[in-house]
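Asks: File coords.txt below, compact mmCIF, C-alpha atoms:
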# COMPACT_ATOMS: atom_id res chain seq x y z
CA THR A 26 66.93 107.89 58.25
CA HIS A 27 68.30 110.11 60.89
CA ALA A 28 71.36 112.14 59.91
CA THR A 29 73.15 115.34 60.71
CA ALA A 30 73.14 117.84 57.87
CA HIS A 31 74.56 121.30 57.55
CA GLY A 32 73.27 124.04 55.29
CA SER A 33 73.95 127.69 54.67
CA ILE A 34 71.46 130.44 53.91
CA GLU A 35 72.44 134.03 53.24
CA LEU A 36 69.95 136.88 52.85
CA LYS A 37 70.84 140.55 52.92
CA SER A 38 68.43 143.35 53.65
CA SER A 39 68.54 146.56 51.66
CA ASP A 40 67.33 150.09 52.36
CA TYR A 41 67.00 149.29 56.06
CA PRO A 42 66.27 152.47 58.09
CA ARG A 43 69.37 153.53 59.96
CA ARG A 44 68.43 156.94 61.32
CA GLN A 45 65.83 157.73 63.91
CA MET A 46 63.58 160.47 62.57
CA GLN A 47 62.15 162.93 65.05
CA GLY A 48 58.72 164.34 65.44
CA GLY A 49 55.28 162.92 66.21
CA TRP A 50 53.39 161.45 63.27
CA SER A 51 56.46 161.27 60.99
CA GLN A 52 58.40 159.33 63.59
CA ARG A 53 55.54 156.88 64.14
CA ARG A 54 55.23 156.34 60.39
CA PHE A 55 58.99 155.82 60.11
CA GLN A 56 58.93 153.27 62.95
CA ALA A 57 55.97 151.46 61.39
CA ARG A 58 57.79 151.18 58.06
CA ALA A 59 60.92 149.96 59.81
CA GLY A 60 58.88 147.29 61.58
CA GLU A 61 57.26 146.25 58.30
CA ARG A 62 60.67 145.81 56.69
CA VAL A 63 61.93 143.73 59.59
CA ASP A 64 58.81 141.55 59.43
CA ALA A 65 59.17 141.11 55.66
CA PHE A 66 62.84 140.19 56.04
CA ALA A 67 61.93 137.70 58.79
CA ARG A 68 59.33 136.08 56.53
CA ASP A 69 61.94 135.67 53.79
CA ILE A 70 64.39 134.10 56.23
CA ALA A 71 61.68 131.81 57.61
CA SER A 72 60.70 130.66 54.12
CA GLU A 73 64.27 129.94 53.02
CA THR A 74 65.02 128.21 56.32
CA GLN A 75 62.04 125.89 55.91
CA ARG A 76 63.10 125.05 52.36
CA ALA A 77 66.69 124.29 53.39
CA MET A 78 65.66 122.19 56.40
CA ASP A 79 63.22 120.15 54.35
CA ASP A 80 65.67 119.66 51.46
CA LEU A 81 68.53 118.62 53.74
CA GLY A 82 66.49 116.67 56.28
CA ILE A 83 67.62 118.87 59.18
CA GLU A 84 65.82 117.97 62.40
CA MET A 85 67.14 120.62 64.79
CA LEU A 86 67.43 124.39 64.48
CA ILE A 87 69.06 126.93 66.79
CA VAL A 88 68.00 130.54 66.24
CA ALA A 89 70.70 133.06 67.14
CA GLY A 90 70.55 136.84 66.89
CA ASP A 91 69.24 139.92 68.64
CA GLU A 92 65.63 140.32 69.71
CA VAL A 93 64.90 142.69 66.83
CA ILE A 94 65.03 139.76 64.41
CA THR A 95 64.49 136.65 66.56
CA SER A 96 61.03 137.73 67.75
CA PRO A 97 59.57 138.28 64.24
CA LEU A 98 61.34 135.10 63.11
CA ASP A 99 59.57 133.09 65.81
CA ALA A 100 56.27 134.51 64.58
CA SER A 101 57.09 133.78 60.92
CA PHE A 102 58.31 130.19 61.14
CA HIS A 103 56.03 127.50 59.77
CA GLN A 104 54.87 125.14 62.51
CA SER A 105 57.01 122.35 61.05
CA VAL A 106 60.07 124.57 61.59
CA SER A 107 59.00 125.81 65.03
CA ASP A 108 58.71 122.19 66.14
CA ARG A 109 62.40 121.72 65.30
CA VAL A 110 63.70 124.83 67.10
CA ILE A 111 65.67 123.58 70.10
CA ALA A 112 66.95 126.95 71.37
CA THR A 113 66.90 130.69 70.76
CA MET A 114 70.10 132.50 71.70
CA ARG A 115 70.96 136.18 71.93
CA LEU A 116 74.06 136.79 69.83
CA ASP A 117 75.39 139.90 68.14
CA ILE A 118 75.08 140.03 64.36
CA GLN A 119 78.86 140.53 64.14
CA THR A 120 79.60 137.23 65.91
CA SER A 121 82.23 135.27 63.98
CA ASP A 122 81.48 131.82 62.57
CA SER A 123 83.90 130.20 65.02
CA ASP A 124 82.31 131.93 68.02
CA LEU A 125 78.87 131.05 66.69
CA LEU A 126 79.81 127.36 66.52
CA GLU A 127 81.38 127.48 69.96
CA ALA A 128 78.17 128.92 71.41
CA THR A 129 75.68 126.69 69.62
CA LEU A 130 77.42 123.32 69.23
CA PRO A 131 77.09 122.30 72.91
CA VAL A 132 73.37 123.09 72.75
CA ALA A 133 72.92 120.96 69.63
CA GLU A 134 74.93 118.09 71.09
CA ALA A 135 72.94 118.14 74.34
CA ALA A 136 69.68 118.06 72.38
CA GLU A 137 70.96 115.16 70.27
CA ARG A 138 71.97 113.17 73.35
CA GLU A 139 68.52 113.77 74.86
CA ARG A 140 66.85 112.66 71.62
CA GLU A 141 68.93 109.48 71.58
CA SER A 142 68.11 108.70 75.22
CA ASP A 143 64.40 109.16 74.55
CA LEU A 144 64.59 106.90 71.50
CA VAL A 145 66.38 104.10 73.35
CA GLN A 146 63.80 104.34 76.13
CA ARG A 147 61.00 104.08 73.56
CA LEU A 148 62.71 101.00 72.17
CA ARG A 149 63.05 99.39 75.58
CA ASP A 150 59.41 100.18 76.38
CA ALA A 151 58.35 98.52 73.10
CA ILE A 152 60.44 95.46 73.91
CA GLY A 153 59.03 95.37 77.43
CA HIS A 154 55.50 95.25 76.06
CA GLY A 155 56.49 92.11 74.21
CA GLU A 156 55.02 92.58 70.73
CA TYR A 157 56.26 95.78 69.13
CA GLY A 158 59.96 95.67 69.89
CA ALA A 159 62.89 93.42 68.95
CA SER A 160 66.42 93.30 70.34
CA GLY A 161 69.60 91.50 69.40
CA VAL A 162 70.88 90.96 65.90
CA SER A 163 69.00 87.70 65.17
CA ASP A 164 65.55 89.00 66.10
CA VAL A 165 66.14 92.36 64.43
CA LEU A 166 67.29 90.68 61.21
CA ALA A 167 64.18 88.50 61.20
CA ALA A 168 61.94 91.52 61.77
CA LEU A 169 63.64 93.50 59.00
CA GLN A 170 63.27 90.65 56.52
CA ALA A 171 59.59 90.40 57.43
CA GLY A 172 59.10 94.13 56.80
CA GLN A 173 58.05 94.69 60.42
CA VAL A 174 60.54 97.36 61.41
CA ASP A 175 59.47 100.96 61.77
CA THR A 176 62.68 102.22 63.43
CA LEU A 177 66.09 100.53 63.55
CA VAL A 178 68.30 101.64 66.45
CA MET A 179 72.00 100.71 66.57
CA VAL A 180 74.95 101.83 68.66
CA ASP A 181 77.72 103.37 66.56
CA ASP A 182 80.36 100.76 67.43
CA PHE A 183 78.10 97.73 67.03
CA GLU A 184 79.87 94.66 65.64
CA ALA A 185 78.62 91.14 64.94
CA ALA A 186 79.29 88.29 62.54
CA GLY A 187 76.74 87.65 59.81
CA TRP A 188 76.06 85.95 56.51
CA ALA A 189 73.90 86.42 53.44
CA ASP A 190 72.61 84.64 50.38
CA PHE A 191 71.89 87.57 48.08
CA GLY A 192 70.10 85.34 45.59
CA PHE A 193 67.19 84.54 47.91
CA PRO A 194 67.78 87.09 49.53
CA ALA A 195 68.39 85.78 53.04
CA TYR A 196 70.43 87.07 55.96
CA GLY A 197 71.48 85.60 59.28
CA ALA A 198 73.59 86.26 62.35
CA GLY A 199 76.75 84.38 63.26
CA ASP A 200 79.14 82.41 61.09
CA PRO A 201 77.90 81.12 57.72
CA PRO A 202 76.00 77.82 58.23
CA LYS A 203 77.31 74.65 56.61
CA SER A 204 73.87 73.79 55.23
CA HIS A 205 71.49 76.33 53.75
CA PRO A 206 68.71 77.08 56.29
CA LEU A 207 66.21 77.77 53.48
CA GLY A 208 67.11 74.81 51.28
CA GLY A 209 69.27 76.72 48.82
CA ASN A 210 72.85 76.13 47.75
CA SER A 211 75.17 76.58 50.73
CA ALA A 212 77.90 77.73 48.32
CA ASP A 213 75.88 80.90 47.78
CA ILE A 214 76.19 81.88 51.45
CA VAL A 215 78.90 84.45 52.10
CA PRO A 216 80.11 86.33 55.20
CA VAL A 217 78.89 89.93 55.39
CA ASP A 218 79.33 93.01 57.53
CA ILE A 219 76.15 92.67 59.56
CA ARG A 220 75.98 96.41 60.18
CA GLU A 221 75.79 97.07 56.45
CA ALA A 222 73.18 94.34 56.07
CA LEU A 223 71.01 95.85 58.81
CA VAL A 224 71.21 99.32 57.28
CA PHE A 225 70.53 97.98 53.78
CA LEU A 226 67.45 96.10 54.94
CA ALA A 227 66.19 99.16 56.83
CA LEU A 228 66.55 101.38 53.77
CA THR A 229 64.94 98.90 51.39
CA THR A 230 61.93 98.42 53.69
CA ASP A 231 61.42 102.17 54.35
CA ALA A 232 62.37 101.86 58.01
CA ASN A 233 63.87 104.77 59.90
CA PHE A 234 67.50 104.30 60.93
CA ASN A 235 69.08 105.89 64.01
CA VAL A 236 72.66 105.63 65.25
CA ILE A 237 73.25 106.04 68.99
CA HIS A 238 76.57 107.68 69.85
CA SER A 239 78.74 105.78 72.31
CA ALA A 240 80.84 108.81 73.28
CA ALA A 241 80.51 112.57 73.15
CA PRO A 242 82.27 114.07 70.11
CA VAL A 243 85.70 115.57 70.73
CA PRO A 244 86.03 119.20 69.57
CA GLU A 245 88.06 119.47 66.36
CA ARG A 246 90.42 121.93 68.00
CA VAL A 247 91.56 119.23 70.47
CA ALA A 248 94.14 116.91 68.93
CA GLU A 249 93.97 113.24 69.84
CA SER A 250 97.52 113.41 71.18
CA ASP A 251 96.38 116.05 73.68
CA ILE A 252 93.72 113.81 75.20
CA GLU A 253 94.94 111.85 78.18
CA ARG A 254 93.55 108.34 78.51
CA GLU A 255 92.23 109.20 81.98
CA SER A 256 90.27 112.16 80.62
CA VAL A 257 88.29 110.20 78.02
CA GLU A 258 84.60 110.51 78.82
CA PRO A 259 82.74 107.35 79.85
CA ARG A 260 80.30 105.61 77.55
CA LEU A 261 77.13 107.65 77.12
CA PRO A 262 74.04 106.41 79.01
CA ALA A 263 71.95 105.79 75.87
CA ALA A 264 74.71 103.56 74.46
CA VAL A 265 75.02 101.67 77.75
CA SER A 266 71.27 101.09 77.78
CA LEU A 267 71.35 99.83 74.19
CA ASP A 268 74.37 97.61 74.96
CA GLU A 269 72.27 95.86 77.59
CA ILE A 270 69.88 94.58 74.91
CA GLY A 271 72.51 93.58 72.37
CA GLY A 272 73.58 96.88 70.82
CA VAL A 273 70.81 96.87 68.22
CA GLY A 274 67.03 96.92 68.40
CA ALA A 275 63.92 97.75 66.44
CA ILE A 276 60.57 99.38 67.09
CA LEU A 277 58.06 97.40 65.03
CA ARG A 278 55.19 98.47 62.80
CA PHE A 279 53.23 95.33 63.58
CA SER A 280 53.60 92.21 65.67
CA MET A 281 54.28 88.71 64.41
CA ASP A 282 50.55 87.95 64.37
CA GLY A 283 50.01 90.87 61.99
CA ASP A 284 48.41 93.36 64.39
CA SER A 285 49.41 96.95 63.62
CA LYS A 286 50.75 99.18 66.35
CA ALA A 287 48.14 101.64 67.57
Could you show the structure in this file as structure tokens?

Replies:
Amino acid sequence: THATAHGSIELKSSDYPRRQMQGGWSQRRFQARAGERVDAFARDIASETQRAMDDLGIEMLIVAGDEVITSPLDASFHQSVSDRVIATMRLDIQTSDSDLLEATLPVAEAAERERESDLVQRLRDAIGHGEYGASGVSDVLAALQAGQVDTLVMVDDFEAAGWADFGFPAYGAGDPPKSHPLGGNSADIVPVDIREALVFLALTTDANFNVIHSAAPVPERVAESDIERESVEPRLPAAVSLDEIGGVGAILRFSMDGDSKA
């Protein structure tokens, strides 16, 4: 499941050298000790950051600070953390939380939009190859119920009619059928929110689930009443691309004939 999570880590250094000692060997020893303390502090930050990211399922990290700490941090991060670093920014340690968000949020949003575009393209490539992709609610439902889906991809404003017989269980797209398609009691068929059914099936079959944003988020400081209709941003490209194949799709683990994806 892909989600956005926020966490907070606070570490404070103590006994950090503040004065520059003078004089040959003593100064070099002082500088070496200062460097050792910075490196040790960076290792602590790196360790706690990895723990928080793994616990919260955070997929993107922006490192912000001055070069004194960001360089040793880069060297201390576990590879699994380094792979999730999307940017390193030079910011003063006294930067306020609001200024920090203002500086980093556009970077995070741009990275998320790029990730979504790449994912939709992967989906369309899988569909184009004919065996390891499904599009449209009917085909995706069938693939989910067969346990084929590796990754479910759905636009955030997707809507469609659907039905379910939770006793079987069985799910389908469209209005509830008058006769049970699997030979059960038609009275057991009820209308359902197909979005919830898709997500439920993805979670119960260990499939990944990704929502594609249809529009860029509006900053919290901008009230809806202040946004003119003409200034509303157009639908994002990844959402448009997903709309073209029904608003929902799936990258499959294996094809209908049982062959696993390489």

Asks: Hey, could you make a per-residue contact list for stretch 109-178 of chain A against stretch 77-83 of chain A with 12 Å as the cut-off, showing the nearest pair of atoms and its distance in Å to one decimal, counting only C-alpha atoms, sorted by chain and number, as a tab-separated table?

Replies:
residue	atom	partner	partner_atom	distance
A:Arg109	CA	A:Ile83	CA	8.5
A:Val110	CA	A:Ile83	CA	10.7
A:Ala133	CA	A:Ile83	CA	11.9

Asks: If I take atom CA of A:Arg260 and atom CA of A:Ala151, how far is one from the other in Å, to one decimal?

Replies: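 So the answer is 23.5 Å.
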
Asks: Between atom CA of A:Asn233 and atom CA of A:Gly172, what is the spacing in Å?

Replies: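 Calculated distance between atom CA of A:Gly172 and atom CA of A:Asn233 is 12.1 Å.
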
Asks: What's the 8 Å shell around A:Leu98, counting only C-alpha atoms, without same-chain residues fewer than 5 positions away, as JSON, numbers by chain?

Replies: {"A": [64, 67, 68, 70, 71]}

Asks: Choose the residue, out of A:Ile111, A:Leu148, A:Ala171, A:Ala185, that has the smallest atom-to-atom separation from A:Leu130; count only C-alpha atoms.

Replies: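 Counting only C-alpha atoms, the residue closest to A:Leu130 is A:Ile111.
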
Asks: Quote the spacing between atom CA of A:Phe183 and atom CA of A:Val273 in Å to one decimal place.

Replies: 7.4 Å

Asks: I need the residue nearest A:Thr74 from this list: A:Ile87, A:Ala212, A:Val224, A:Val174. Use all atoms listed in the file for the distance.

Replies: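 The shortest atom-to-atom distance to A:Thr74 comes from A:Ile87.
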
Asks: Considering all atoms listed in the file, tabulate each residue of stretch 106-155 of chain A that lies at most 6 Å from stretch 89-92 of chain A along with its nearest interatomic pair and the corresponding distance in Å to one decimal; arrange the rows by chain and ascending residue number and present them as CSV.

Replies:
residue,atom,partner,partner_atom,distance
A:Thr113,CA,A:Ala89,CA,5.8
A:Met114,CA,A:Ala89,CA,4.6
A:Arg115,CA,A:Gly90,CA,5.1
A:Leu116,CA,A:Gly90,CA,4.6
A:Asp117,CA,A:Gly90,CA,5.9

Asks: Of the candidates A:Phe225, A:Phe234, A:Glu61, A:Arg149, which shows the shortest atom-to-atom distance to A:Asp175, using all atoms listed in the file?

Replies: A:Phe234

Asks: (74.6, 80.8, 57.2) in this file's frame - what residues fall within 7 Å of it? Use all atoms listed in the file and give the answer as a ChimeraX atom specification.

Replies: /A:188-189,197,200-203,205,214

Asks: Of the candidates A:Gly192, A:Asp181, A:Ala232, A:Ser72, which one gets nearest to A:Arg220 if we count only C-alpha atoms?

Replies: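 Of the candidates, the smallest distance to A:Arg220 is held by A:Asp181.
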
Asks: Please provide the set of residues having any atom within 12 Å of A:Glu139, restricted to all atoms listed in the file, with same-chain residues fewer than 5 positions apart removed, written as a list in words.

Replies: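 Selected residues are Ile111, Val132, Ala133, Glu134, Leu144, Val145, Gln146, Ile237, His238, Leu261, Pro262, Ala263 and Ala264 of chain A.
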
Asks: Name the residues in contact with A:Ala275 at a cut-off of 6 Å, using all atoms listed in the file, excluding same-chain residues fewer than 2 positions from it; report them as a PyMOL selection string.

Replies: chain A and resi 158-159+176-178

Asks: Taking 5 positions as the minimum chain separation for residues in the same chain, which residues sit within 8 Å of A:Tyr157 when counting all atoms listed in the file? Answer as a PyMOL selection string.

Replies: chain A and resi 151-152+276-280+286

Asks: So, counting only C-alpha atoms, which residue among A:Ala128, A:Val106, A:Ala198, A:Ala240 is closest to A:Asp182?

Replies: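 Closest to A:Asp182 of all the choices is A:Ala240.
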
Asks: For a quick check of understanding, using only C-alpha atoms, which of A:Tyr196, A:Pro216, A:Asp124, A:Ser239 has the smallest distance to A:Leu169?

Replies: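 Among the listed residues, the smallest separation from A:Leu169 belongs to A:Tyr196.
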
Asks: Each side padded by 5 Å, which centre and which edge lengths in Å (one decimal) define the axis-aligned box around the listed atoms of stretch 214-230 of chain A? Give them as JSON.

Replies:
{"center_x": 71.0, "center_y": 91.6, "center_z": 55.8, "size_x": 28.2, "size_y": 29.5, "size_z": 18.8}
